[in-house]
Each structure stands twice: as structure tokens, then as C-alpha cells.
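Asks: Just so it is clear, I am handing over run_21.txt, which has compact mmCIF, C-alpha atoms (C1' of nucleotides).
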# COMPACT_ATOMS: atom_id res chain seq x y z
CA MET I 61 36.65 -36.03 -10.72
CA LYS I 62 35.67 -33.45 -13.27
CA ASN I 63 34.28 -30.02 -12.56
CA ALA I 64 30.61 -30.41 -11.58
CA ILE I 65 29.56 -26.83 -12.38
CA PRO I 66 27.98 -26.43 -15.82
CA LEU I 67 29.70 -23.98 -18.13
CA HIS I 68 26.74 -21.63 -18.46
CA VAL I 69 26.57 -21.36 -14.68
CA GLU I 70 30.27 -20.53 -14.53
CA LEU I 71 29.60 -17.81 -17.06
CA ILE I 72 26.77 -16.38 -14.97
CA ASP I 73 28.94 -16.53 -11.86
CA ALA I 74 31.59 -14.51 -13.70
CA LEU I 75 29.02 -12.06 -15.03
CA ILE I 76 27.21 -11.20 -11.80
CA PRO I 77 30.14 -9.49 -10.02
CA ILE I 78 30.78 -7.40 -13.13
CA VAL I 79 27.11 -6.42 -13.22
CA PHE I 80 27.03 -5.41 -9.56
CA GLY I 81 30.42 -3.70 -9.80
CA THR I 82 29.36 -1.66 -12.81
CA THR I 83 26.05 -0.82 -11.16
CA ALA I 84 27.91 0.35 -8.06
CA ALA I 85 30.08 2.61 -10.23
CA LEU I 86 26.98 4.03 -11.91
CA ASN I 87 25.28 4.57 -8.56
CA LYS I 88 28.36 6.38 -7.28
CA ILE I 89 28.47 8.69 -10.28
CA GLY I 90 24.76 9.30 -9.82
CA ALA I 91 25.17 10.09 -6.13
CA GLU I 92 28.01 12.52 -6.88
CA ASN I 93 25.65 14.36 -9.23
CA ASP I 94 22.48 14.04 -7.16
CA LEU I 95 20.90 11.59 -9.56
CA SER I 96 19.49 8.12 -9.05
CA LEU I 97 20.52 5.25 -11.30
CA THR I 98 17.18 5.54 -13.11
CA GLN I 99 17.63 9.25 -13.70
CA LEU I 100 21.12 8.54 -14.99
CA ARG I 101 19.58 6.18 -17.52
CA VAL I 102 16.97 8.75 -18.50
CA MET I 103 19.72 11.28 -19.14
CA GLY I 104 21.57 8.75 -21.28
CA ILE I 105 18.47 7.98 -23.33
CA LEU I 106 17.71 11.66 -23.89
CA ARG I 107 21.26 12.22 -25.10
CA ASP I 108 20.21 11.64 -28.70
CA ARG I 109 16.42 11.28 -28.58
CA GLN I 110 13.23 13.20 -27.74
CA PRO I 111 10.84 10.41 -26.66
CA ARG I 112 7.34 10.58 -25.27
CA MET I 113 6.61 9.77 -21.66
CA ALA I 114 5.10 6.40 -22.57
CA GLU I 115 8.09 5.48 -24.74
CA LEU I 116 10.46 6.28 -21.89
CA ALA I 117 8.40 4.25 -19.46
CA ASP I 118 8.26 1.27 -21.83
CA TYR I 119 11.97 1.39 -22.51
CA LEU I 120 12.82 1.48 -18.81
CA GLY I 121 10.16 -1.05 -17.84
CA LEU I 122 8.40 1.43 -15.56
CA LYS I 123 4.82 2.60 -15.17
CA LYS I 124 3.72 5.91 -16.65
CA SER I 125 2.98 7.25 -13.17
CA THR I 126 6.54 6.46 -12.11
CA MET I 127 7.87 8.34 -15.14
CA SER I 128 5.81 11.39 -14.21
CA GLY I 129 7.57 11.56 -10.85
CA LEU I 130 11.05 10.98 -12.29
CA ILE I 131 10.59 13.63 -14.98
CA ASP I 132 9.02 16.06 -12.50
CA ARG I 133 12.08 15.93 -10.28
CA ALA I 134 14.61 16.18 -13.12
CA GLU I 135 12.65 19.04 -14.65
CA LYS I 136 12.70 20.94 -11.34
CA LYS I 137 16.50 20.68 -11.44
CA GLY I 138 16.53 22.22 -14.91
CA LEU I 139 18.07 19.15 -16.58
CA LEU I 140 15.23 18.47 -18.99
CA ALA I 141 11.90 19.86 -20.15
CA ARG I 142 8.50 18.75 -21.47
CA THR I 143 6.92 19.85 -24.71
CA PRO I 144 3.59 18.80 -26.22
CA SER I 145 3.76 16.51 -29.23
CA LEU I 146 2.70 18.09 -32.52
CA GLU I 147 1.33 14.81 -33.82
CA ASP I 148 -0.78 13.77 -30.84
CA SER I 149 -2.22 16.35 -28.48
CA ARG I 150 -2.36 13.80 -25.70
CA ALA I 151 1.36 13.06 -25.84
CA ILE I 152 4.25 14.87 -24.16
CA GLU I 153 7.84 14.75 -25.40
CA VAL I 154 10.86 15.05 -23.13
CA PHE I 155 14.23 16.56 -24.06
CA LEU I 156 17.45 17.72 -22.39
CA THR I 157 18.03 21.37 -21.62
CA GLN I 158 21.45 22.88 -22.38
CA GLU I 159 22.38 22.30 -18.76
CA GLY I 160 21.23 18.70 -19.10
CA GLN I 161 23.26 18.20 -22.25
CA ALA I 162 26.38 19.55 -20.58
CA LEU I 163 25.81 17.26 -17.60
CA VAL I 164 25.29 14.14 -19.67
CA GLU I 165 28.62 14.68 -21.45
CA ARG I 166 30.37 15.01 -18.09
CA LEU I 167 28.62 11.88 -16.83
CA HIS I 168 29.83 9.94 -19.85
CA LEU I 169 33.44 10.93 -19.16
CA GLN I 170 33.05 10.12 -15.47
CA LEU I 171 31.84 6.63 -16.37
CA GLN I 172 34.88 5.99 -18.55
CA GLU I 173 37.22 7.12 -15.77
CA SER I 174 35.32 5.17 -13.19
CA LEU I 175 35.49 1.90 -15.14
CA ALA I 176 39.07 2.38 -16.32
CA PRO I 177 40.59 0.37 -13.44
CA MET I 178 38.45 -2.54 -14.62
CA THR I 179 38.75 -2.22 -18.40
CA SER I 180 42.47 -1.54 -18.27
CA ARG I 181 43.07 -4.97 -16.76
CA LEU I 182 42.66 -6.24 -20.32
CA ASN I 183 45.04 -5.48 -23.18
CA PRO I 184 43.65 -4.09 -26.45
CA SER I 185 43.34 -7.51 -28.05
CA GLU I 186 41.40 -8.84 -25.08
CA GLN I 187 39.20 -5.73 -25.00
CA ARG I 188 38.29 -6.33 -28.63
CA GLN I 189 37.50 -9.98 -27.92
CA LEU I 190 35.36 -9.10 -24.92
CA ARG I 191 33.50 -6.36 -26.78
CA ASP I 192 32.70 -8.80 -29.60
CA LEU I 193 31.56 -11.55 -27.24
CA LEU I 194 29.33 -9.15 -25.32
CA ASP I 195 27.87 -7.84 -28.57
CA ARG I 196 27.19 -11.37 -29.75
CA MET I 197 25.59 -12.30 -26.42
CA HIS I 198 23.41 -9.22 -26.53
CA GLY I 199 22.13 -10.57 -29.82
CA HIS I 200 21.85 -7.79 -32.38
CA ASP I 201 21.41 -10.04 -35.41
CA MET D 155 38.88 7.76 -41.99
CA LYS D 156 39.50 5.45 -39.05
CA ASN D 157 37.05 4.71 -36.26
CA ALA D 158 37.03 7.69 -33.89
CA ILE D 159 35.66 5.83 -30.86
CA PRO D 160 38.38 4.62 -28.47
CA LEU D 161 38.44 0.90 -27.82
CA HIS D 162 37.75 1.14 -24.09
CA VAL D 163 34.65 3.22 -24.84
CA GLU D 164 33.44 0.60 -27.29
CA LEU D 165 33.92 -1.97 -24.58
CA ILE D 166 31.88 0.07 -22.12
CA ASP D 167 29.16 0.59 -24.73
CA ALA D 168 28.97 -3.18 -25.18
CA LEU D 169 28.97 -3.79 -21.43
CA ILE D 170 26.21 -1.37 -20.40
CA PRO D 171 23.32 -3.13 -22.20
CA ILE D 172 24.40 -6.44 -20.70
CA VAL D 173 24.48 -4.85 -17.24
CA PHE D 174 21.01 -3.34 -17.60
CA GLY D 175 19.63 -6.47 -19.21
CA THR D 176 20.93 -8.69 -16.45
CA THR D 177 19.68 -6.27 -13.81
CA ALA D 178 16.24 -6.31 -15.44
CA ALA D 179 16.23 -10.11 -15.31
CA LEU D 180 17.20 -10.00 -11.63
CA ASN D 181 14.52 -7.42 -10.87
CA LYS D 182 11.92 -9.55 -12.62
CA ILE D 183 12.88 -12.63 -10.64
CA GLY D 184 12.76 -10.54 -7.49
CA ALA D 185 9.33 -9.15 -8.34
CA GLU D 186 7.99 -12.65 -9.03
CA ASN D 187 9.11 -13.64 -5.55
CA ASP D 188 8.20 -10.42 -3.75
CA LEU D 189 11.80 -9.42 -3.23
CA SER D 190 13.72 -6.31 -4.17
CA LEU D 191 17.03 -6.52 -6.00
CA THR D 192 18.84 -5.76 -2.75
CA GLN D 193 17.00 -8.49 -0.89
CA LEU D 194 17.85 -10.87 -3.71
CA ARG D 195 21.51 -10.02 -3.15
CA VAL D 196 21.15 -10.55 0.59
CA MET D 197 19.68 -13.98 -0.02
CA GLY D 198 22.58 -14.82 -2.32
CA ILE D 199 25.16 -13.71 0.22
CA LEU D 200 23.53 -15.70 3.00
CA ARG D 201 23.56 -18.82 0.83
CA ASP D 202 26.89 -19.89 2.26
CA ARG D 203 27.63 -17.39 5.02
CA GLN D 204 26.35 -16.15 8.38
CA PRO D 205 27.57 -12.54 8.46
CA ARG D 206 26.95 -9.78 10.96
CA MET D 207 24.71 -6.85 10.18
CA ALA D 208 27.68 -4.52 9.74
CA GLU D 209 29.46 -6.96 7.42
CA LEU D 210 26.37 -7.21 5.23
CA ALA D 211 26.02 -3.43 5.13
CA ASP D 212 29.68 -2.97 4.21
CA TYR D 213 29.54 -5.60 1.50
CA LEU D 214 26.45 -4.05 -0.09
CA GLY D 215 27.63 -0.48 0.37
CA LEU D 216 24.64 0.41 2.58
CA LYS D 217 24.22 2.05 5.97
CA LYS D 218 23.57 -0.07 9.04
CA SER D 219 20.15 1.52 9.46
CA THR D 220 19.23 0.50 5.93
CA MET D 221 20.27 -3.08 6.71
CA SER D 222 18.03 -3.12 9.78
CA GLY D 223 15.01 -2.37 7.62
CA LEU D 224 15.93 -4.87 4.91
CA ILE D 225 16.53 -7.64 7.42
CA ASP D 226 13.39 -6.73 9.37
CA ARG D 227 11.20 -7.22 6.31
CA ALA D 228 12.87 -10.43 5.18
CA GLU D 229 12.68 -11.79 8.72
CA LYS D 230 8.94 -11.05 8.87
CA LYS D 231 8.56 -13.19 5.75
CA GLY D 232 10.33 -16.05 7.47
CA LEU D 233 13.22 -16.12 4.99
CA LEU D 234 16.01 -15.41 7.47
CA ALA D 235 16.63 -14.93 11.17
CA ARG D 236 18.87 -13.05 13.58
CA THR D 237 21.02 -14.59 16.27
CA PRO D 238 23.37 -12.87 18.74
CA SER D 239 27.08 -13.37 18.11
CA LEU D 240 28.86 -15.54 20.67
CA GLU D 241 32.09 -13.57 20.31
CA ASP D 242 30.72 -10.05 20.63
CA SER D 243 27.55 -9.37 22.58
CA ARG D 244 26.92 -6.22 20.56
CA ALA D 245 26.88 -8.06 17.25
CA ILE D 246 24.00 -9.83 15.50
CA GLU D 247 24.46 -12.57 12.93
CA VAL D 248 22.02 -13.22 10.10
CA PHE D 249 21.28 -16.60 8.52
CA LEU D 250 18.75 -18.21 6.18
CA THR D 251 15.85 -20.24 7.56
CA GLN D 252 14.98 -23.54 5.87
CA GLU D 253 12.34 -21.70 3.90
CA GLY D 254 14.95 -19.13 2.90
CA GLN D 255 17.39 -21.83 1.82
CA ALA D 256 14.76 -23.48 -0.32
CA LEU D 257 13.88 -20.16 -1.90
CA VAL D 258 17.47 -19.22 -2.70
CA GLU D 259 17.98 -22.49 -4.54
CA ARG D 260 14.88 -21.82 -6.61
CA LEU D 261 16.06 -18.27 -7.30
CA HIS D 262 19.39 -19.59 -8.54
CA LEU D 263 17.65 -21.89 -11.00
CA GLN D 264 15.32 -19.11 -12.11
CA LEU D 265 18.31 -16.90 -12.86
CA GLN D 266 19.91 -19.56 -15.03
CA GLU D 267 16.70 -20.04 -16.98
CA SER D 268 16.15 -16.33 -17.26
CA LEU D 269 19.63 -15.67 -18.68
CA ALA D 270 19.68 -18.75 -20.91
CA PRO D 271 18.39 -16.89 -23.99
CA MET D 272 21.42 -14.63 -23.61
CA THR D 273 24.14 -17.11 -22.66
CA SER D 274 23.01 -19.65 -25.23
CA ARG D 275 23.81 -17.22 -28.02
CA LEU D 276 27.43 -18.24 -27.43
CA ASN D 277 28.84 -21.69 -28.11
CA PRO D 278 30.79 -23.48 -25.35
CA SER D 279 34.14 -22.24 -26.59
CA GLU D 280 32.94 -18.65 -26.61
CA GLN D 281 31.34 -19.08 -23.19
CA ARG D 282 34.70 -20.22 -21.84
CA GLN D 283 36.47 -17.27 -23.44
CA LEU D 284 33.92 -14.80 -22.07
CA ARG D 285 34.05 -16.30 -18.58
CA ASP D 286 37.85 -16.01 -18.57
CA LEU D 287 37.84 -12.44 -19.85
CA LEU D 288 35.23 -11.39 -17.27
CA ASP D 289 37.23 -13.08 -14.53
CA ARG D 290 40.39 -11.31 -15.64
CA MET D 291 38.59 -7.97 -15.80
CA HIS D 292 37.17 -8.50 -12.34
CA GLY D 293 40.75 -8.79 -11.20
CA HIS D 294 41.09 -11.60 -8.69
CA ASP D 295 44.89 -11.67 -8.60
C1' DT E 197 -13.62 2.76 -26.35
C1' DA E 198 -8.70 2.97 -26.00
C1' DT E 199 -4.64 5.68 -25.10
C1' DT E 200 -1.68 9.55 -22.94
C1' DG E 201 -0.40 11.53 -19.04
C1' DT E 202 -1.24 13.13 -14.15
C1' DT E 203 -2.55 12.76 -9.30
C1' DA E 204 -3.38 10.34 -4.88
C1' DT E 205 -1.98 6.69 -2.03
C1' DA E 206 0.93 3.18 -0.09
C1' DC E 207 5.15 0.58 0.46
C1' DT E 208 10.12 -0.14 -0.10
C1' DC E 209 14.82 1.64 -0.25
C1' DT E 210 18.05 4.74 1.30
C1' DA E 211 20.51 8.23 4.22
C1' DT E 212 21.11 11.14 8.48
C1' DA E 213 20.78 11.79 13.22
C1' DA E 214 20.02 10.35 17.87
C1' DC E 215 19.99 6.60 20.86
C1' DT E 216 21.27 2.10 23.81
C1' DA E 217 24.32 -1.44 24.94
C1' DT E 218 28.75 -3.42 24.83
C1' DA E 219 33.95 -3.39 23.89
C1' DT M 223 35.88 6.46 23.50
C1' DA M 224 34.63 3.64 19.75
C1' DT M 225 31.72 0.12 17.68
C1' DA M 226 27.19 -2.73 16.78
C1' DG M 227 22.71 -2.29 16.04
C1' DT M 228 18.04 0.03 16.32
C1' DT M 229 14.61 3.68 15.84
C1' DA M 230 12.71 8.00 13.99
C1' DT M 231 12.40 10.83 10.19
C1' DA M 232 12.53 12.37 5.47
C1' DG M 233 13.10 11.98 0.42
C1' DA M 234 13.16 9.19 -3.75
C1' DG M 235 11.56 5.16 -6.52
C1' DT M 236 7.94 2.14 -7.55
C1' DA M 237 3.12 0.23 -8.33
C1' DT M 238 -2.05 0.48 -8.30
C1' DA M 239 -6.17 2.88 -8.93
C1' DA M 240 -8.88 6.74 -10.36
C1' DC M 241 -9.09 10.52 -13.27
C1' DA M 242 -9.18 14.15 -17.42
C1' DA M 243 -8.27 14.99 -22.13
C1' DT M 244 -7.69 13.35 -26.68
C1' DA M 245 -7.76 9.74 -30.46
For this file, write the structure as C-alpha cells.
Replies:
Amino acid sequence: MKNAIPLHVELIDALIPIVFGTTAALNKIGAENDLSLTQLRVMGILRDRQPRMAELADYLGLKKSTMSGLIDRAEKKGLLARTPSLEDSRAIEVFLTQEGQALVERLHLQLQESLAPMTSRLNPSEQRQLRDLLDRMHGHD
Amino acid sequence: MKNAIPLHVELIDALIPIVFGTTAALNKIGAENDLSLTQLRVMGILRDRQPRMAELADYLGLKKSTMSGLIDRAEKKGLLARTPSLEDSRAIEVFLTQEGQALVERLHLQLQESLAPMTSRLNPSEQRQLRDLLDRMHGHD
DNA sequence: TATTGTTATACTCTATAACTATA
DNA sequence: TATAGTTATAGAGTATAACAATA
């Protein structure tokens, strides 16, 4: 008797543990730095951008009111700041402070170290293959 | 000049969007069924197991008190139930009700449909490759 | 009128601490 | 004494609804 599980389901079953494992690593790094997973993502987005509140909310799939709270708390910690938009007086732009920039670089290194036990199970050739397959699946055509 | 980004960092950069994309899909499915991501995971675990509260908490990386709340709310919805362990009078086992079993099957199908736009970007041969690489990276030796 | 952002409110998730019952 | 689970409490994340200011 042949395998009864469809291939795309096998793929999902292989993907899910990686997703939860990576999320756990991110949560751990967040916890070590007193940041939630969402705030970690905000820091990552602000690394090379200065978006408006509404843009941030859209990108993260959150409501504007939720963003206000998230940014309030990160601002109180001195990691980022608000500045009014020059183009639209209603809009507010968010950007990293120096302290925030320094932190986000450290977070990036921590993530690499944290995932190393996983990524290093593959040799360079396999890592290239996996990177390419993930890129293709993500669909940037 | 050669590429300055190390291979394992490129791999991580390819992995992160997949992780967040998959998590977003899971959150959406949860929201459509009035379940949080954590409760979705609980349902998945209970699909073929009847663990104790402490086992669930350990597996999910949560405190026992957090589990009590999660299980309380899911129990109120009729999705799962508690039963005392026969081996240890202190312990409580958790299992899906019929309604919970029916729901978890529907959730599984929803996940496949929800991720299909992503997985179907790869042909069967690539899907097999990706599944194998993910399995190897997850490290089940 | 529509959009940008904030505030008020309510619920869920999570951890810590204190507790009861059993091993 | 140690472990299993619950309860009380508090802080963070999230959504909805109502609001002020600007486009």
C-alpha cells in the first residue's frame, strides 16, 4: 500500500514544527530583552524605514489602536520615537532612537546564534537549496 | 566584489517571512473560529493524545497557571474536557470532545487550503526536496 | 466626508505568588 | 518534601467604538 498522505500535507507537516520552533526562539530573544514578539517585529521593520502608524499597523495586520499601545510602550523605554509627518499633518512617523538602533543590531546577532543549531544541521549546499526553495515558495516574482 | 552576506544569514532571511506568513495564516484561521494561536496548538496536540495539564504546559513552554486559563476557556466552549488521571490522583488529563474532534479536522483542512497558494508555487519534486530539507533541519535523528 | 491617530473599555494571554491536595 | 493543579493578581496584546484634528 502506498503512502496515503498527500505531498502538500507532508510539506505542511514538516513546515509547522520549524515555524513554531523559530517562533519560540524569537519569543525567547524577546523575553531576554523585555520585548514581545510583536515589538521585536516592529524593531526589525524600523531598522531601515520610518513608517507612519497606519503603515505599521497594516503591515503587521493590527488595528491602529493596537499600534498606539505598542508604540507607547516602546517609546517609554526609549527605543523609538514619534515625529509628525511633513507631508500630512494628521500622520505620525515612527523611527528608532540610537539606543533602539543599537538594540536591533544585537537582536539580529542573537537570532543568528539562536538558530545556528538548526541551520548548521545543513551543509552549505543544502542551505543554498533551502534558501532558494523558501524564496520561491514566498513568491517574489 | 563577492556577496558580503553569510549563507546562514541568507537562509534565516528567507525563513523569517515564511514563519510570519504561516503564523498569520494560523492566526486568521484561529480568529475565524474564535480561537487564539495557542488554543489552535492545543487542539492540534489533543488530536491524537490525552496529556496531563503539566505535559501540555511543558510542551508549549507555558506555566501551569496559564494552561488552567486556556483549558478553562476551551472547556467552556465545549471543545475539550478534563478527567482525573487513574494513575495519579493529583493529575488531570485533557481530551477533545466530539465537537472538538470535528472542529480540529475542519481546522486541518482550512490550514491546507490557506497555505495552498504558498505550497503550490513549488512543483512536486521541489515540494519533496523542501520537505526533506525541513525535516533534516528539524533534526529528528 | 474620509482618513490619521488616540483614548476608553473589555477580553485573552502570560507570568508570579500563594494555596490545596496528593505522592 | 516535592509535584499537580487552581486561584488571585497584574501587565501586555488585541479588537471595537467613540472621538478630535486634518485632508
Asks: Find, counting all atoms listed in the file, the residue in I:Leu106, I:Leu95, I:Ala151, I:Leu169 that gets nearest to DG235 in chain M.
Replies: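 Ranking I:Leu106, I:Leu95, I:Ala151, I:Leu169 by distance to DG235 in chain M, first place goes to I:Leu95.
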Asks: Choose the residue, out of D:Asp242, D:Asp286, D:Glu229, D:Glu267, that has the smallest atom-to-atom separation from chain M; count all atoms listed in the file.
Replies: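 Looking at the shortest contact to chain M, the residue is D:Asp242.
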Asks: Calculated over only C-alpha atoms (C1' of nucleotides), which of the candidates M:DA237, M:DA224, M:DA242, M:DA230 has the smallest distance to chain I?
Replies: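 Among M:DA237, M:DA224, M:DA242, M:DA230, it is M:DA237 that comes nearest to chain I.
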Asks: I need the contact residues of chain I against chain M, so if you could list those with any atom within 9 Å, counting all atoms listed in the file, and return them as an MDAnalysis selection string, that would help.
Replies: chainID I and resid 96 98 122:123 125:126 129:130 148:150
Asks: Calculate how many Å separate CA of Leu194 in chain I from CA of Pro77 in chain I, rounding to one decimal.
Replies: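 Result for CA of Leu194 in chain I versus CA of Pro77 in chain I: 15.3 Å, one decimal.
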Asks: Which residue gives the smallest distance to Leu214 in chain D among D:Arg195, D:Arg275, D:Arg227, D:Lys182, with all atoms listed in the file counted?
Replies: D:Arg195
Asks: Which residues of chain D come within 9 Å of chain I, and for each one, what is the closest pair of atoms and their distance in Å to one decimal, counting all atoms listed in the file, sorted by chain and residue number, as a Markdown table?
Replies:
| residue | atom | partner | partner_atom | distance |
| --- | --- | --- | --- | --- |
| D:Leu161 | CA | I:Gln187 | CA | 7.2 |
| D:His162 | CA | I:Thr179 | CA | 6.7 |
| D:Val163 | CA | I:Gln172 | CA | 6.9 |
| D:Glu164 | CA | I:Arg191 | CA | 7.0 |
| D:Leu165 | CA | I:Arg191 | CA | 4.9 |
| D:Ile166 | CA | I:Gln172 | CA | 7.5 |
| D:Asp167 | CA | I:Arg191 | CA | 8.4 |
| D:Ala168 | CA | I:Arg191 | CA | 5.8 |
| D:Leu169 | CA | I:Leu194 | CA | 6.6 |
| D:Ile170 | CA | I:Thr82 | CA | 8.2 |
| D:Pro171 | CA | I:His198 | CA | 7.5 |
| D:Ile172 | CA | I:His198 | CA | 6.5 |
| D:Val173 | CA | I:Val79 | CA | 5.1 |
| D:Phe174 | CA | I:Val79 | CA | 8.1 |
| D:Gly175 | CA | I:His198 | CA | 8.7 |
| D:Thr176 | CA | I:Val79 | CA | 7.3 |
| D:Thr177 | CA | I:Val79 | CA | 7.5 |
| D:Ala178 | CA | I:Gly121 | CA | 8.4 |
| D:Gly215 | CA | I:Ala84 | CA | 8.5 |
| D:Leu265 | CA | I:Ile72 | CA | 8.7 |
| D:Gln266 | CA | I:Val69 | CA | 6.9 |
| D:Leu269 | CA | I:Ile72 | CA | 8.1 |
| D:Ala270 | CA | I:His68 | CA | 8.0 |
| D:Pro271 | CA | I:Met197 | CA | 8.9 |
| D:Met272 | CA | I:Met197 | CA | 5.5 |
| D:Thr273 | CA | I:Met197 | CA | 6.3 |
| D:Ser274 | CA | I:Met197 | CA | 7.9 |
| D:Arg275 | CA | I:Met197 | CA | 5.5 |
| D:Leu276 | CA | I:Met197 | CA | 6.3 |
| D:Pro278 | CA | I:Leu67 | CA | 7.3 |
| D:Glu280 | CA | I:Leu193 | CA | 7.3 |
| D:Gln281 | CA | I:Leu71 | CA | 6.5 |
| D:Arg282 | CA | I:Leu67 | CA | 7.3 |
| D:Gln283 | CA | I:Leu190 | CA | 8.4 |
| D:Leu284 | CA | I:Leu190 | CA | 6.5 |
| D:Arg285 | CA | I:Leu71 | CA | 4.9 |
| D:Asp286 | CA | I:Ala74 | CA | 8.1 |
| D:Leu287 | CA | I:Leu190 | CA | 6.6 |
| D:Leu288 | CA | I:Ala74 | CA | 6.0 |
| D:Asp289 | CA | I:Ala74 | CA | 5.9 |
| D:Arg290 | CA | I:Arg181 | CA | 7.0 |
| D:Met291 | CA | I:Arg181 | CA | 5.5 |
| D:His292 | CA | I:Met178 | CA | 6.5 |
| D:Gly293 | CA | I:Arg181 | CA | 7.1 |
Asks: Taking only residues of chain E that have an atom at most 10 Å from an atom of chain D, what is each one's shortest atom pair and its distance in Å to one decimal, using only C-alpha atoms (C1' of nucleotides), in chain and number order, as a Markdown table?
Replies:
| residue | atom | partner | partner_atom | distance |
| --- | --- | --- | --- | --- |
| E:DT208 | C1' | D:Ser190 | CA | 8.2 |
| E:DC209 | C1' | D:Thr220 | CA | 7.7 |
| E:DT210 | C1' | D:Thr220 | CA | 6.4 |
| E:DA211 | C1' | D:Lys217 | CA | 7.4 |
| E:DT212 | C1' | D:Ser219 | CA | 9.7 |
| E:DA217 | C1' | D:Arg244 | CA | 7.0 |
| E:DT218 | C1' | D:Arg244 | CA | 5.4 |
| E:DA219 | C1' | D:Asp242 | CA | 8.1 |
Asks: Using all atoms listed in the file, collect all residues at a distance of at most 12 Å from (14.0, -13.9, 8.0) as written in the file, then present them as an MDAnalysis selection string.
Replies: chainID D and resid 193 196:197 200 222:237 247:255 257
Asks: Would you put the residues from that selection into a file with C-alpha atoms, as a PDB file, keeping the file's coordinate frame?
Replies:
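The resulting result20.pdb:
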ATOM      1  CA  GLN D 193      17.000  -8.490  -0.890  1.00  0.00           C
ATOM      2  CA  VAL D 196      21.150 -10.550   0.590  1.00  0.00           C
ATOM      3  CA  MET D 197      19.680 -13.980  -0.020  1.00  0.00           C
ATOM      4  CA  LEU D 200      23.530 -15.700   3.000  1.00  0.00           C
ATOM      5  CA  SER D 222      18.030  -3.120   9.780  1.00  0.00           C
ATOM      6  CA  GLY D 223      15.010  -2.370   7.620  1.00  0.00           C
ATOM      7  CA  LEU D 224      15.930  -4.870   4.910  1.00  0.00           C
ATOM      8  CA  ILE D 225      16.530  -7.640   7.420  1.00  0.00           C
ATOM      9  CA  ASP D 226      13.390  -6.730   9.370  1.00  0.00           C
ATOM     10  CA  ARG D 227      11.200  -7.220   6.310  1.00  0.00           C
ATOM     11  CA  ALA D 228      12.870 -10.430   5.180  1.00  0.00           C
ATOM     12  CA  GLU D 229      12.680 -11.790   8.720  1.00  0.00           C
ATOM     13  CA  LYS D 230       8.940 -11.050   8.870  1.00  0.00           C
ATOM     14  CA  LYS D 231       8.560 -13.190   5.750  1.00  0.00           C
ATOM     15  CA  GLY D 232      10.330 -16.050   7.470  1.00  0.00           C
ATOM     16  CA  LEU D 233      13.220 -16.120   4.990  1.00  0.00           C
ATOM     17  CA  LEU D 234      16.010 -15.410   7.470  1.00  0.00           C
ATOM     18  CA  ALA D 235      16.630 -14.930  11.170  1.00  0.00           C
ATOM     19  CA  ARG D 236      18.870 -13.050  13.580  1.00  0.00           C
ATOM     20  CA  THR D 237      21.020 -14.590  16.270  1.00  0.00           C
ATOM     21  CA  GLU D 247      24.460 -12.570  12.930  1.00  0.00           C
ATOM     22  CA  VAL D 248      22.020 -13.220  10.100  1.00  0.00           C
ATOM     23  CA  PHE D 249      21.280 -16.600   8.520  1.00  0.00           C
ATOM     24  CA  LEU D 250      18.750 -18.210   6.180  1.00  0.00           C
ATOM     25  CA  THR D 251      15.850 -20.240   7.560  1.00  0.00           C
ATOM     26  CA  GLN D 252      14.980 -23.540   5.870  1.00  0.00           C
ATOM     27  CA  GLU D 253      12.340 -21.700   3.900  1.00  0.00           C
ATOM     28  CA  GLY D 254      14.950 -19.130   2.900  1.00  0.00           C
ATOM     29  CA  GLN D 255      17.390 -21.830   1.820  1.00  0.00           C
ATOM     30  CA  LEU D 257      13.880 -20.160  -1.900  1.00  0.00           C
TER      31      LEU D 257
END
Asks: Take CA of Asp94 in chain I and C1' of DT203 in chain E and report the distance between them in Å, one decimal.
Replies: 25.2 Å
Asks: Using all atoms of range 216-231 of chain D listed in the file and a margin of 8 Å per side, can you give the axis-aligned box centre and edge lengths in Å to one decimal, as lines of an AutoDock Vina configuration file?
Replies:
center_x = 16.6
center_y = -5.6
center_z = 6.2
size_x = 32.1
size_y = 31.2
size_z = 23.2
